[in-house]
$ cat structure05.txt   # compact mmCIF, C-alpha atoms and all ligand atoms
# COMPACT_ATOMS: atom_id res chain seq x y z
CA MET A 1 146.30 90.65 69.15
CA LYS A 2 143.95 90.91 72.17
CA ILE A 3 140.22 91.21 71.67
CA MET A 4 137.62 91.67 74.37
CA SER A 5 134.29 89.91 74.01
CA VAL A 6 131.54 91.48 76.11
CA ASN A 7 128.04 90.47 77.13
CA ALA A 8 126.31 93.22 79.09
CA GLY A 9 123.06 92.43 80.89
CA SER A 10 120.88 94.77 82.91
CA SER A 11 122.84 94.15 86.12
CA SER A 12 125.82 92.14 84.94
CA LEU A 13 128.82 92.41 82.67
CA LYS A 14 130.47 89.24 81.38
CA PHE A 15 133.68 89.39 79.42
CA GLN A 16 136.43 87.31 77.93
CA LEU A 17 139.79 88.58 76.73
CA LEU A 18 141.01 86.48 73.82
CA LEU A 19 144.33 86.14 72.09
CA MET A 20 143.58 86.27 68.38
CA PRO A 21 143.90 84.77 65.86
CA GLU A 22 144.99 81.89 68.12
CA GLU A 23 141.48 81.98 69.70
CA LYS A 24 142.88 81.37 73.17
CA GLU A 25 141.26 82.69 76.32
CA ILE A 26 143.62 84.97 78.26
CA ALA A 27 141.18 85.96 80.98
CA SER A 28 137.48 86.00 81.66
CA GLY A 29 135.16 87.25 84.31
CA ILE A 30 131.89 88.72 85.40
CA VAL A 31 130.68 91.71 87.37
CA GLU A 32 127.36 90.86 88.99
CA ARG A 33 124.67 92.88 90.75
CA ILE A 34 125.69 96.18 89.16
CA GLY A 35 123.62 98.98 90.71
CA ASN A 36 123.74 97.37 94.15
CA LYS A 37 125.96 97.78 97.16
CA ASN A 38 126.82 94.08 97.26
CA ALA A 39 128.19 93.74 93.75
CA GLU A 40 130.77 91.06 92.95
CA PHE A 41 133.68 90.90 90.56
CA THR A 42 135.14 87.56 89.53
CA LEU A 43 138.27 87.43 87.41
CA LYS A 44 139.78 84.21 86.04
CA PHE A 45 143.21 83.98 84.45
CA ASN A 46 146.11 81.52 84.33
CA GLY A 47 144.07 78.91 86.17
CA THR A 48 143.41 81.25 89.10
CA LYS A 49 140.17 82.83 90.22
CA LYS A 50 140.02 86.11 92.11
CA GLN A 51 136.83 87.35 93.66
CA GLN A 52 135.90 90.70 95.19
CA LYS A 53 132.63 90.88 97.11
CA ASP A 54 130.41 93.57 98.62
CA LEU A 55 131.53 96.21 96.13
CA VAL A 56 129.60 99.38 95.47
CA ILE A 57 129.20 99.46 91.69
CA LEU A 58 126.65 102.04 90.78
CA ASP A 59 126.65 101.61 87.01
CA HIS A 60 128.25 99.86 84.06
CA SER A 61 130.94 102.56 83.65
CA VAL A 62 132.23 101.75 87.11
CA ALA A 63 132.07 98.03 86.24
CA VAL A 64 134.09 98.57 83.05
CA ASP A 65 136.72 100.57 84.94
CA LEU A 66 136.90 97.78 87.51
CA VAL A 67 137.42 95.16 84.79
CA ILE A 68 140.13 97.19 83.05
CA ASN A 69 141.92 97.94 86.33
CA GLY A 70 141.69 94.24 87.22
CA LEU A 71 143.39 93.35 83.95
CA LEU A 72 146.11 95.96 84.52
CA GLU A 73 146.72 95.23 88.22
CA ASN A 74 147.10 91.53 87.61
CA GLY A 75 149.53 92.06 84.76
CA ILE A 76 147.13 90.49 82.24
CA ILE A 77 147.69 93.56 80.11
CA SER A 78 150.40 96.13 80.69
CA SER A 79 148.57 99.04 79.09
CA LEU A 80 145.18 99.82 77.57
CA GLU A 81 146.77 99.93 74.10
CA GLU A 82 147.08 96.15 74.28
CA ILE A 83 143.32 95.78 73.80
CA ASN A 84 142.93 95.93 70.03
CA GLY A 85 139.16 95.69 69.80
CA VAL A 86 135.95 95.07 71.69
CA GLY A 87 133.02 92.96 70.47
CA HIS A 88 129.62 93.37 72.09
CA ARG A 89 126.93 90.72 72.04
CA VAL A 90 123.59 92.30 71.14
CA VAL A 91 120.46 90.15 71.41
CA GLN A 92 118.24 91.92 68.90
CA GLY A 93 119.31 93.36 65.55
CA GLY A 94 115.86 93.21 63.97
CA GLU A 95 115.84 93.56 60.19
CA LEU A 96 118.19 96.54 60.45
CA PHE A 97 121.31 94.45 60.81
CA LYS A 98 122.22 91.74 58.30
CA ASP A 99 125.80 91.56 59.57
CA SER A 100 127.81 92.59 62.61
CA ALA A 101 128.48 96.34 62.66
CA VAL A 102 131.33 98.66 63.63
CA ILE A 103 129.83 100.78 66.38
CA ASP A 104 129.37 104.51 65.90
CA ASP A 105 126.65 106.89 67.13
CA GLU A 106 124.33 105.86 64.31
CA VAL A 107 124.65 102.15 65.11
CA VAL A 108 123.90 102.87 68.78
CA LEU A 109 120.75 104.77 67.74
CA LYS A 110 119.67 101.88 65.51
CA ILE A 111 120.14 99.38 68.35
CA ALA A 112 118.10 101.69 70.60
CA SER A 113 115.35 101.84 67.96
CA LEU A 114 114.90 98.08 68.48
CA ASN A 115 114.35 98.37 72.24
CA ASP A 116 110.66 97.46 71.89
CA LEU A 117 111.65 94.07 70.48
CA ALA A 118 114.12 93.33 73.30
CA PRO A 119 113.15 95.54 76.23
CA LEU A 120 115.27 93.67 78.76
CA HIS A 121 118.37 93.22 76.65
CA ASN A 122 119.05 96.00 74.16
CA PRO A 123 118.99 98.90 76.66
CA ALA A 124 121.50 97.00 78.82
CA HIS A 125 123.73 96.35 75.81
CA ILE A 126 123.76 100.05 74.99
CA ILE A 127 124.81 100.93 78.53
CA GLY A 128 127.67 98.41 78.22
CA ILE A 129 128.65 99.70 74.77
CA ASN A 130 128.71 103.33 75.96
CA ALA A 131 130.79 102.43 79.01
CA PHE A 132 133.40 100.68 76.86
CA ARG A 133 133.43 103.47 74.26
CA LYS A 134 134.17 105.91 77.08
CA ALA A 135 136.91 103.75 78.61
CA LEU A 136 138.54 102.80 75.28
CA PRO A 137 137.70 105.66 72.89
CA ASN A 138 140.35 104.81 70.27
CA VAL A 139 139.59 101.13 69.94
CA ILE A 140 137.30 99.51 67.34
CA GLN A 141 134.03 98.34 68.90
CA VAL A 142 131.78 95.92 67.06
CA ALA A 143 128.19 94.88 67.72
CA VAL A 144 127.54 91.19 67.06
CA PHE A 145 123.86 90.34 66.89
CA ASP A 146 122.17 87.12 68.00
CA THR A 147 119.65 87.55 65.20
CA VAL A 148 121.95 88.10 62.20
CA PHE A 149 122.60 84.43 61.41
CA HIS A 150 118.84 83.85 61.15
CA GLN A 151 118.30 86.75 58.74
CA THR A 152 118.60 84.23 55.89
CA MET A 153 115.29 82.60 56.85
CA PRO A 154 112.79 82.81 53.98
CA GLN A 155 109.66 84.85 54.57
CA GLU A 156 107.35 81.86 54.82
CA ASN A 157 109.49 80.58 57.71
CA PHE A 158 109.80 83.81 59.69
CA LEU A 159 106.35 85.35 59.23
CA TYR A 160 103.56 84.58 61.66
CA ALA A 161 100.09 84.10 60.24
CA THR A 162 98.94 87.25 62.05
CA PRO A 163 97.52 90.39 60.39
CA TYR A 164 100.20 91.52 57.93
CA GLU A 165 100.07 95.08 59.26
CA TRP A 166 101.48 93.87 62.58
CA TYR A 167 104.63 92.93 60.70
CA GLU A 168 104.71 96.10 58.61
CA LYS A 169 104.04 98.48 61.49
CA TYR A 170 105.73 96.83 64.44
CA GLY A 171 108.05 94.16 63.07
CA VAL A 172 106.01 91.26 64.47
CA ARG A 173 107.84 88.22 63.06
CA LYS A 174 110.30 85.54 64.11
CA TYR A 175 113.87 86.79 64.58
CA GLY A 176 115.36 83.84 66.47
CA ALA A 177 118.27 84.00 68.89
CA HIS A 178 121.54 82.27 69.82
CA GLY A 179 122.58 82.97 66.21
CA THR A 180 126.26 83.28 67.08
CA SER A 181 126.20 79.84 68.67
CA HIS A 182 124.19 78.21 65.87
CA GLN A 183 126.62 79.69 63.36
CA TYR A 184 129.74 78.59 65.26
CA VAL A 185 128.55 75.01 65.75
CA SER A 186 127.07 74.58 62.27
CA GLN A 187 130.26 75.88 60.62
CA ILE A 188 132.25 73.16 62.36
CA ALA A 189 129.69 70.54 61.34
CA HIS A 190 129.53 71.85 57.76
CA ASN A 191 133.33 71.73 57.39
CA ARG A 192 133.44 68.26 58.88
CA LEU A 193 130.79 66.98 56.48
CA GLY A 194 132.81 68.42 53.60
CA LYS A 195 129.89 68.96 51.24
CA GLU A 196 128.31 72.10 49.85
CA ASP A 197 124.64 71.25 50.37
CA SER A 198 124.91 70.13 54.00
CA LYS A 199 121.78 69.58 56.11
CA ILE A 200 122.34 70.30 59.77
CA ILE A 201 120.19 70.72 62.87
CA VAL A 202 121.73 72.43 65.88
CA CYS A 203 120.17 71.98 69.34
CA HIS A 204 121.48 74.77 71.56
CA ILE A 205 120.18 73.64 74.95
CA GLY A 206 121.21 75.72 77.96
CA ASN A 207 119.05 77.70 80.35
CA GLY A 208 117.76 79.26 77.16
CA ALA A 209 117.29 76.74 74.37
CA SER A 210 116.71 76.89 70.64
CA ILE A 211 116.85 74.58 67.64
CA SER A 212 117.81 75.64 64.15
CA ALA A 213 117.75 74.15 60.67
CA ILE A 214 120.81 75.02 58.59
CA ARG A 215 121.10 74.21 54.90
CA ALA A 216 124.36 74.78 53.00
CA GLY A 217 125.63 76.86 55.93
CA LYS A 218 122.57 79.15 56.09
CA SER A 219 119.90 79.25 58.79
CA ILE A 220 116.53 78.51 57.21
CA ASP A 221 114.45 78.14 60.36
CA THR A 222 114.78 78.42 64.10
CA SER A 223 112.57 77.78 67.10
CA MET A 224 112.83 81.10 68.96
CA GLY A 225 110.58 83.84 67.68
CA LEU A 226 109.82 87.50 68.23
CA THR A 227 111.40 86.88 71.64
CA PRO A 228 113.28 83.96 73.19
CA LEU A 229 110.02 82.69 74.73
CA GLU A 230 108.94 80.80 71.62
CA GLY A 231 110.01 77.27 70.84
CA ILE A 232 110.87 74.44 73.19
CA PRO A 233 110.46 74.43 76.99
CA MET A 234 113.62 75.70 78.73
CA GLY A 235 114.95 76.14 82.27
CA THR A 236 112.24 78.63 83.20
CA ARG A 237 110.49 79.39 79.87
CA SER A 238 107.42 77.56 78.66
CA GLY A 239 108.20 77.63 74.95
CA ASN A 240 105.16 77.54 72.63
CA ILE A 241 101.83 78.09 74.32
CA ASP A 242 98.28 78.93 73.31
CA PRO A 243 98.05 82.74 73.79
CA ALA A 244 94.49 82.25 75.09
CA VAL A 245 96.12 81.42 78.44
CA PHE A 246 96.53 85.19 78.93
CA LEU A 247 92.76 85.70 79.09
CA LEU A 248 92.19 82.66 81.29
CA MET A 249 94.81 83.69 83.86
CA SER A 250 93.39 87.18 83.87
CA GLN A 251 89.87 85.86 84.54
CA LYS A 252 90.88 83.26 87.11
CA GLU A 253 93.69 84.96 89.01
CA GLY A 254 93.43 88.61 87.94
CA TYR A 255 96.87 88.37 86.33
CA SER A 256 97.97 91.31 84.21
CA LEU A 257 99.49 90.61 80.79
CA GLU A 258 102.91 91.38 82.27
CA LYS A 259 102.39 88.96 85.15
CA THR A 260 101.42 86.06 82.89
CA LEU A 261 104.27 86.85 80.51
CA ASN A 262 106.64 86.91 83.44
CA GLU A 263 105.39 83.51 84.64
CA LEU A 264 105.86 82.08 81.15
CA ASN A 265 109.42 83.44 81.04
CA ARG A 266 110.55 82.86 84.60
CA ALA A 267 108.36 80.28 86.33
CA SER A 268 107.75 77.66 83.63
CA GLY A 269 109.83 75.06 81.80
CA TYR A 270 111.86 72.70 84.05
CA LEU A 271 111.08 74.90 87.06
CA GLY A 272 107.35 75.14 86.46
CA VAL A 273 106.73 71.49 85.61
CA SER A 274 108.98 70.00 88.31
CA GLY A 275 108.29 72.62 90.99
CA LEU A 276 111.93 71.99 91.99
CA SER A 277 114.58 73.79 89.99
CA HIS A 278 115.47 75.37 86.66
CA ASP A 279 118.82 73.58 86.63
CA SER A 280 119.10 70.39 84.59
CA ARG A 281 121.44 68.81 87.13
CA ASP A 282 118.78 69.02 89.85
CA ILE A 283 116.11 67.80 87.47
CA VAL A 284 118.15 64.81 86.28
CA ASP A 285 119.10 63.87 89.87
CA ALA A 286 115.49 64.12 91.03
CA ALA A 287 114.27 62.05 88.07
CA HIS A 288 116.84 59.35 88.90
CA ALA A 289 115.53 59.37 92.45
CA GLY A 290 112.04 58.66 91.12
CA ASN A 291 110.50 62.15 91.16
CA HIS A 292 107.66 61.92 88.64
CA ARG A 293 107.39 65.64 87.87
CA ALA A 294 111.14 65.97 87.30
CA GLN A 295 110.96 63.10 84.81
CA LEU A 296 107.93 64.75 83.25
CA ALA A 297 109.88 68.02 82.82
CA ILE A 298 112.57 66.13 80.89
CA ASP A 299 110.03 64.16 78.84
CA ILE A 300 107.98 67.22 77.85
CA GLN A 301 111.11 69.04 76.71
CA ALA A 302 112.47 65.98 74.87
CA LYS A 303 109.13 65.44 73.14
CA ARG A 304 109.00 69.02 71.93
CA ILE A 305 112.65 69.03 70.82
CA ALA A 306 111.91 65.86 68.82
CA ASP A 307 108.87 67.60 67.30
CA TYR A 308 111.11 70.37 65.99
CA ILE A 309 113.72 67.95 64.72
CA GLY A 310 111.03 65.98 62.88
CA SER A 311 109.67 69.09 61.22
CA TYR A 312 113.15 70.39 60.33
CA TYR A 313 114.03 66.99 58.87
CA VAL A 314 111.17 67.49 56.43
CA LEU A 315 112.09 71.14 55.82
CA LEU A 316 115.73 70.23 55.10
CA GLU A 317 114.64 67.24 52.95
CA GLY A 318 116.83 64.95 55.03
CA LEU A 319 119.57 65.37 57.57
CA ASP A 320 123.34 64.86 57.66
CA ALA A 321 124.18 65.91 61.20
CA LEU A 322 122.38 66.59 64.46
CA CYS A 323 124.49 68.71 66.82
CA PHE A 324 124.07 69.25 70.55
CA THR A 325 125.60 72.26 72.26
CA ALA A 326 125.45 74.65 75.29
CA GLY A 327 125.34 73.75 79.01
CA ILE A 328 122.78 70.95 78.75
CA GLY A 329 123.47 69.85 75.17
CA GLU A 330 127.16 69.46 76.00
CA ASN A 331 126.84 67.94 79.47
CA ALA A 332 123.50 66.26 80.11
CA LYS A 333 123.66 62.83 78.45
CA GLU A 334 120.24 62.01 79.87
CA VAL A 335 118.64 64.84 77.89
CA ARG A 336 120.44 63.84 74.67
CA GLU A 337 119.30 60.26 75.16
CA ALA A 338 115.71 61.28 75.90
CA VAL A 339 115.65 63.28 72.64
CA CYS A 340 117.41 60.76 70.41
CA LYS A 341 115.36 57.75 71.44
CA ARG A 342 112.37 59.53 69.93
CA LEU A 343 114.20 59.91 66.61
CA GLU A 344 114.93 56.29 65.73
CA VAL A 345 112.16 56.33 63.14
CA LEU A 346 114.38 58.76 61.18
CA GLY A 347 117.33 56.36 61.34
CA ILE A 348 119.01 58.47 64.02
CA LYS A 349 120.72 56.14 66.48
CA LEU A 350 122.70 57.04 69.55
CA ASP A 351 125.61 54.92 70.80
CA LEU A 352 124.86 54.92 74.53
CA GLU A 353 128.49 54.24 75.39
CA LYS A 354 129.76 57.15 73.30
CA ASN A 355 127.00 59.32 74.72
CA ASN A 356 128.74 59.03 78.11
CA SER A 357 131.82 60.82 76.84
CA ARG A 358 132.63 64.40 77.84
CA GLY A 359 133.29 67.33 75.54
CA GLU A 360 133.44 67.23 71.75
CA ALA A 361 132.40 63.79 70.50
CA GLU A 362 130.59 61.76 67.87
CA ILE A 363 127.86 59.98 69.79
CA SER A 364 125.89 58.28 66.99
CA SER A 365 126.19 54.55 66.42
CA ASP A 366 128.06 53.31 63.35
CA ASP A 367 124.82 52.34 61.62
CA SER A 368 123.06 55.66 62.28
CA LYS A 369 121.89 57.35 59.07
CA VAL A 370 122.65 60.73 60.62
CA LYS A 371 125.79 61.80 62.47
CA VAL A 372 125.08 62.95 66.01
CA TRP A 373 127.76 65.27 67.38
CA VAL A 374 128.38 67.10 70.62
CA ILE A 375 130.12 70.35 69.64
CA PRO A 376 130.91 72.78 72.47
CA THR A 377 129.84 76.27 71.49
CA ASN A 378 132.04 79.34 71.74
CA GLU A 379 130.15 82.57 71.24
CA GLU A 380 133.08 84.65 72.53
CA VAL A 381 135.41 83.38 69.80
CA MET A 382 132.77 84.07 67.17
CA ILE A 383 132.43 87.65 68.45
CA ALA A 384 136.21 88.17 68.46
CA ARG A 385 136.44 86.80 64.89
CA ASP A 386 133.93 89.41 63.75
CA VAL A 387 135.85 92.24 65.44
CA ILE A 388 138.91 91.23 63.42
CA ARG A 389 136.97 90.72 60.17
CA LEU A 390 135.30 94.13 60.37
CA GLY A 391 138.52 95.77 61.57
CA LYS A 392 140.15 94.78 58.27
CA LYS A 393 137.43 96.34 56.12
P1 LIG B 401 122.76 79.93 79.49
O1 LIG B 401 124.03 80.35 78.78
O2 LIG B 401 121.54 79.86 78.62
O3 LIG B 401 122.52 80.62 80.79
P2 LIG B 401 124.15 77.40 79.80
O4 LIG B 401 124.47 77.10 78.39
O5 LIG B 401 125.26 77.80 80.71
O6 LIG B 401 122.96 78.42 79.92
O7 LIG B 401 123.45 76.11 80.42
C1 LIG B 401 123.02 76.02 81.75
C2 LIG B 401 122.46 74.61 81.97
O8 LIG B 401 123.52 73.69 81.68
C3 LIG B 401 122.00 74.33 83.38
O9 LIG B 401 120.72 73.71 83.36
C4 LIG B 401 123.02 73.36 83.90
O10 LIG B 401 122.46 72.41 84.75
C5 LIG B 401 123.52 72.69 82.66
N1 LIG B 401 124.86 72.17 82.87
C6 LIG B 401 126.01 72.84 82.94
N2 LIG B 401 127.05 72.02 83.24
C7 LIG B 401 126.53 70.79 83.39
C8 LIG B 401 127.05 69.50 83.69
N3 LIG B 401 128.36 69.34 83.94
N4 LIG B 401 126.20 68.45 83.71
C9 LIG B 401 124.89 68.61 83.46
N5 LIG B 401 124.33 69.81 83.17
C10 LIG B 401 125.12 70.87 83.13
$ encode --input "structure05.txt" --output "structure tokens" --more "lines below"
Ligand code: ADP
Amino acid sequence: MKIMSVNAGSSSLKFQLLLMPEEKEIASGIVERIGNKNAEFTLKFNGTKKQQKDLVILDHSVAVDLVINGLLENGIISSLEEINGVGHRVVQGGELFKDSAVIDDEVVLKIASLNDLAPLHNPAHIIGINAFRKALPNVIQVAVFDTVFHQTMPQENFLYATPYEWYEKYGVRKYGAHGTSHQYVSQIAHNRLGKEDSKIIVCHIGNGASISAIRAGKSIDTSMGLTPLEGIPMGTRSGNIDPAVFLLMSQKEGYSLEKTLNELNRASGYLGVSGLSHDSRDIVDAAHAGNHRAQLAIDIQAKRIADYIGSYYVLLEGLDALCFTAGIGENAKEVREAVCKRLEVLGIKLDLEKNNSRGEAEISSDDSKVKVWVIPTNEEVMIARDVIRLGKK
């Protein structure tokens, strides 16, 4: 069975075609700069990479046709009937969605009703969903929400201490994100621990980064909030900040609310502190070369990650496993080391030798009270699993 996993952004369309239930990637790719005359299509399959540049791709429908034709022309599928289902990543499901959902007109309307909570993401997802529904009208399409896994958070953990009416009228609360990844990684850790009441913290650290506390397989708290801006500093996001900065920047620089918000989302984090780059590889290299602000960018992030882990340790009443995942969590040993050395007071000890290893690994020392694992995430597989699960219902 072949399932397509799709992540549609405002000007991009990422996809992976998976063989299920084997969970093997058949092909993957991305269409970038949709809406421009210099769009690009990259298709990877069988160890080869094909790229088409300077394409005119006016909208997502054209991008979807391009992807499907690419699959057909390269013999990856011999007919459209071979695609048995499509799963769409959707960033915001609000309180409306407690599980993934088979897409129909009503589900699309519900996703659209949450646009205020995810103004950059949800409208783009809907464009992607509509394009695939048009291209593959007889195939099951499923929306898989980044927020669903965190819907088990108790009220005291997801409510802000703001006027209650803000929550009632406008849904102002923490929703979290990266739920599919936190669920995938914590399921592996939970099964490995082999106990019902497992206590797990997952650090998903990529360009976007979030930490979650998972007890007995359920998310009970997470660092991202109403939007992905809350929590720890990231590639370009500041993470938690005193909102009074909005007034100060308005008074000092005449910044609008949108401008300050944009700077907090796109010009902060690694990029803002170092003044160099949002990419951890550049930051680590510069820190090694003695760049103080690059080192500071790593230290500020590590400090704040450790703050979350400390508070989640208390919330979980202990900890069995600390898991690192995503681009930085899986690959940047320097970041893992910077975090873990702040956690020794909790009996969490890294084996520096093991921390050098690549891919899935146990990196804690034998006498660590808590297992520390690197577990590569796979959001695409999680999405494809849900397409199959809901297809059976
Ligand atoms: P997102 O999905 O949020 O865009 P990723 O999970 O792909 O982000 O993570 C991107 C980050 O991962 C970048 O900062 C990048 O430097 C880092 N990264 C990816 N591969 C490596 C690697 N081999 N070594 C160190 N860092 C890496």
$ closest_residue --input "structure05.txt" --among "A:Met382, A:Ala321, A:Ile363, A:Lys349" --to "Phe149 (chain A)" --atoms "only C-alpha atoms"
A:Met382
$ closest_residue --input "structure05.txt" --among "A:Val31, A:Ala118, A:Ile3, A:Leu271" --to "ligand LIG 401 (chain B)" --atoms "all atoms listed in the file"
A:Leu271
$ axis_aligned_box --input "structure05.txt" --around "region 380-393 of chain A" --padding-each-side "8 Å" --output "JSON"
{"center_x": 136.3, "center_y": 89.9, "center_z": 64.3, "size_x": 23.7, "size_y": 29.0, "size_z": 32.4}
$ closest_residue --input "structure05.txt" --among "A:Arg215, A:Lys333, A:His88, A:Arg266" --to "ligand LIG 401 (chain B)" --atoms "all atoms listed in the file"
A:Lys333
$ closest_atom_pairs --input "structure05.txt" --of "chain A" --to "ligand LIG 401 (chain B)" --cutoff "8 Å" --atoms "all atoms listed in the file" --output "CSV"
residue,atom,partner,partner_atom,distance
A:His204,CA,B:LIG401,O4,7.8
A:Ile205,CA,B:LIG401,O4,6.5
A:Gly206,CA,B:LIG401,O7,3.3
A:Asn207,CA,B:LIG401,O2,3.7
A:Gly208,CA,B:LIG401,O2,4.1
A:Ala209,CA,B:LIG401,O2,6.8
A:Gly235,CA,B:LIG401,O9,6.4
A:His278,CA,B:LIG401,O9,6.4
A:Asp279,CA,B:LIG401,O9,3.8
A:Ser280,CA,B:LIG401,O9,3.9
A:Arg281,CA,B:LIG401,O10,4.4
A:Asp282,CA,B:LIG401,O10,7.1
A:Thr325,CA,B:LIG401,O4,7.9
A:Ala326,CA,B:LIG401,O4,4.1
A:Gly327,CA,B:LIG401,O8,3.2
A:Ile328,CA,B:LIG401,O8,4.1
A:Gly329,CA,B:LIG401,O8,7.6
A:Glu330,CA,B:LIG401,C7,7.5
A:Asn331,CA,B:LIG401,N4,4.3
A:Ala332,CA,B:LIG401,C9,4.3
A:Lys333,CA,B:LIG401,C9,7.7
$ residues_near_point --input "structure05.txt" --point "(112.0, 66.1, 78.6)" --cutoff "12 Å" --atoms "all atoms listed in the file" --output "number ranges by chain"
A: 205, 232-235, 269-270, 273-274, 280, 283-284, 287, 292-307, 328, 332, 334-342
$ write_last_selection --input "structure05.txt" --atoms "C-alpha atoms" --output "short mmCIF file (atom, residue, chain, number, x, y, z; two decimals), keeping the file's coordinate frame"
data_model
loop_
_atom_site.label_atom_id
_atom_site.label_comp_id
_atom_site.auth_asym_id
_atom_site.auth_seq_id
_atom_site.Cartn_x
_atom_site.Cartn_y
_atom_site.Cartn_z
CA ILE A 205 120.18 73.64 74.95
CA ILE A 232 110.87 74.44 73.19
CA PRO A 233 110.46 74.43 76.99
CA MET A 234 113.62 75.70 78.73
CA GLY A 235 114.95 76.14 82.27
CA GLY A 269 109.83 75.06 81.80
CA TYR A 270 111.86 72.70 84.05
CA VAL A 273 106.73 71.49 85.61
CA SER A 274 108.98 70.00 88.31
CA SER A 280 119.10 70.39 84.59
CA ILE A 283 116.11 67.80 87.47
CA VAL A 284 118.15 64.81 86.28
CA ALA A 287 114.27 62.05 88.07
CA HIS A 292 107.66 61.92 88.64
CA ARG A 293 107.39 65.64 87.87
CA ALA A 294 111.14 65.97 87.30
CA GLN A 295 110.96 63.10 84.81
CA LEU A 296 107.93 64.75 83.25
CA ALA A 297 109.88 68.02 82.82
CA ILE A 298 112.57 66.13 80.89
CA ASP A 299 110.03 64.16 78.84
CA ILE A 300 107.98 67.22 77.85
CA GLN A 301 111.11 69.04 76.71
CA ALA A 302 112.47 65.98 74.87
CA LYS A 303 109.13 65.44 73.14
CA ARG A 304 109.00 69.02 71.93
CA ILE A 305 112.65 69.03 70.82
CA ALA A 306 111.91 65.86 68.82
CA ASP A 307 108.87 67.60 67.30
CA ILE A 328 122.78 70.95 78.75
CA ALA A 332 123.50 66.26 80.11
CA GLU A 334 120.24 62.01 79.87
CA VAL A 335 118.64 64.84 77.89
CA ARG A 336 120.44 63.84 74.67
CA GLU A 337 119.30 60.26 75.16
CA ALA A 338 115.71 61.28 75.90
CA VAL A 339 115.65 63.28 72.64
CA CYS A 340 117.41 60.76 70.41
CA LYS A 341 115.36 57.75 71.44
CA ARG A 342 112.37 59.53 69.93
#
$ closest_residue --input "structure05.txt" --among "A:Asn378, A:Asn138, A:Ser100, A:Thr236" --to "Glu82 (chain A)" --atoms "only C-alpha atoms"
A:Asn138
$ residues_around --input "structure05.txt" --residues "Ile129 (chain A)" --least-positions-apart "2" --cutoff "10 Å" --atoms "all atoms listed in the file" --output "MDAnalysis selection string"
chainID A and resid 6:8 60:61 64 86:90 103 108 123:127 131:135 141:143
$ atom_distance --input "structure05.txt" --atom1 "CA of Asp116 (chain A)" --atom2 "CA of Glu263 (chain A)"
19.6 Å
$ closest_residue --input "structure05.txt" --among "A:Val67, A:Ile388, A:Leu322, A:Ile348" --to "Leu193 (chain A)" --atoms "all atoms listed in the file"
A:Leu322
$ atom_distance --input "structure05.txt" --atom1 "CA of Arg389 (chain A)" --atom2 "CA of Asn157 (chain A)"
29.4 Å
$ closest_residue --input "structure05.txt" --among "A:Ile309, A:Leu248, A:Ala286, A:Val144" --to "Ile383 (chain A)" --atoms "all atoms listed in the file"
A:Val144
$ atom_distance --input "structure05.txt" --atom1 "CA of Val374 (chain A)" --atom2 "CA of Asp221 (chain A)"
20.5 Å
$ residues_around --input "structure05.txt" --residues "Gln92 (chain A)" --least-positions-apart "2" --cutoff "10 Å" --atoms "all atoms listed in the file" --output "ChimeraX atom specification"
/A:89-90,94-97,111-112,114-119,121-122,125,144-148,175-177,226-227
$ residues_around --input "structure05.txt" --residues "His182 (chain A)" --least-positions-apart "5" --cutoff "10 Å" --atoms "only C-alpha atoms" --output "PyMOL selection string"
chain A and resi 146+149-150+177+187+201-204+210-214+218-219+222+323+325+377-379
$ build_atoms --input "structure05.txt" --residues "region 294-300 of chain A" --atoms "N, CA, C and O atoms" --output "PDB file, in the coordinates of the input"
ATOM      1  N   ALA A 294     109.826  65.669  87.898  1.00  0.00           N
ATOM      2  CA  ALA A 294     111.140  65.970  87.300  1.00  0.00           C
ATOM      3  C   ALA A 294     111.293  65.181  85.997  1.00  0.00           C
ATOM      4  O   ALA A 294     111.743  65.717  84.976  1.00  0.00           O
ATOM      5  N   GLN A 295     110.891  63.917  86.031  1.00  0.00           N
ATOM      6  CA  GLN A 295     110.960  63.100  84.810  1.00  0.00           C
ATOM      7  C   GLN A 295     110.049  63.688  83.729  1.00  0.00           C
ATOM      8  O   GLN A 295     110.405  63.735  82.552  1.00  0.00           O
ATOM      9  N   LEU A 296     108.885  64.166  84.186  1.00  0.00           N
ATOM     10  CA  LEU A 296     107.930  64.750  83.250  1.00  0.00           C
ATOM     11  C   LEU A 296     108.528  66.007  82.585  1.00  0.00           C
ATOM     12  O   LEU A 296     108.354  66.229  81.376  1.00  0.00           O
ATOM     13  N   ALA A 297     109.252  66.803  83.364  1.00  0.00           N
ATOM     14  CA  ALA A 297     109.880  68.020  82.820  1.00  0.00           C
ATOM     15  C   ALA A 297     110.853  67.651  81.707  1.00  0.00           C
ATOM     16  O   ALA A 297     110.898  68.302  80.659  1.00  0.00           O
ATOM     17  N   ILE A 298     111.617  66.592  81.915  1.00  0.00           N
ATOM     18  CA  ILE A 298     112.570  66.130  80.890  1.00  0.00           C
ATOM     19  C   ILE A 298     111.806  65.597  79.684  1.00  0.00           C
ATOM     20  O   ILE A 298     112.137  65.907  78.529  1.00  0.00           O
ATOM     21  N   ASP A 299     110.769  64.805  79.941  1.00  0.00           N
ATOM     22  CA  ASP A 299     110.030  64.160  78.840  1.00  0.00           C
ATOM     23  C   ASP A 299     109.287  65.189  77.985  1.00  0.00           C
ATOM     24  O   ASP A 299     109.247  65.066  76.763  1.00  0.00           O
ATOM     25  N   ILE A 300     108.698  66.188  78.628  1.00  0.00           N
ATOM     26  CA  ILE A 300     107.980  67.220  77.850  1.00  0.00           C
ATOM     27  C   ILE A 300     108.971  67.957  76.965  1.00  0.00           C
ATOM     28  O   ILE A 300     108.718  68.181  75.769  1.00  0.00           O
TER      29      ILE A 300
END
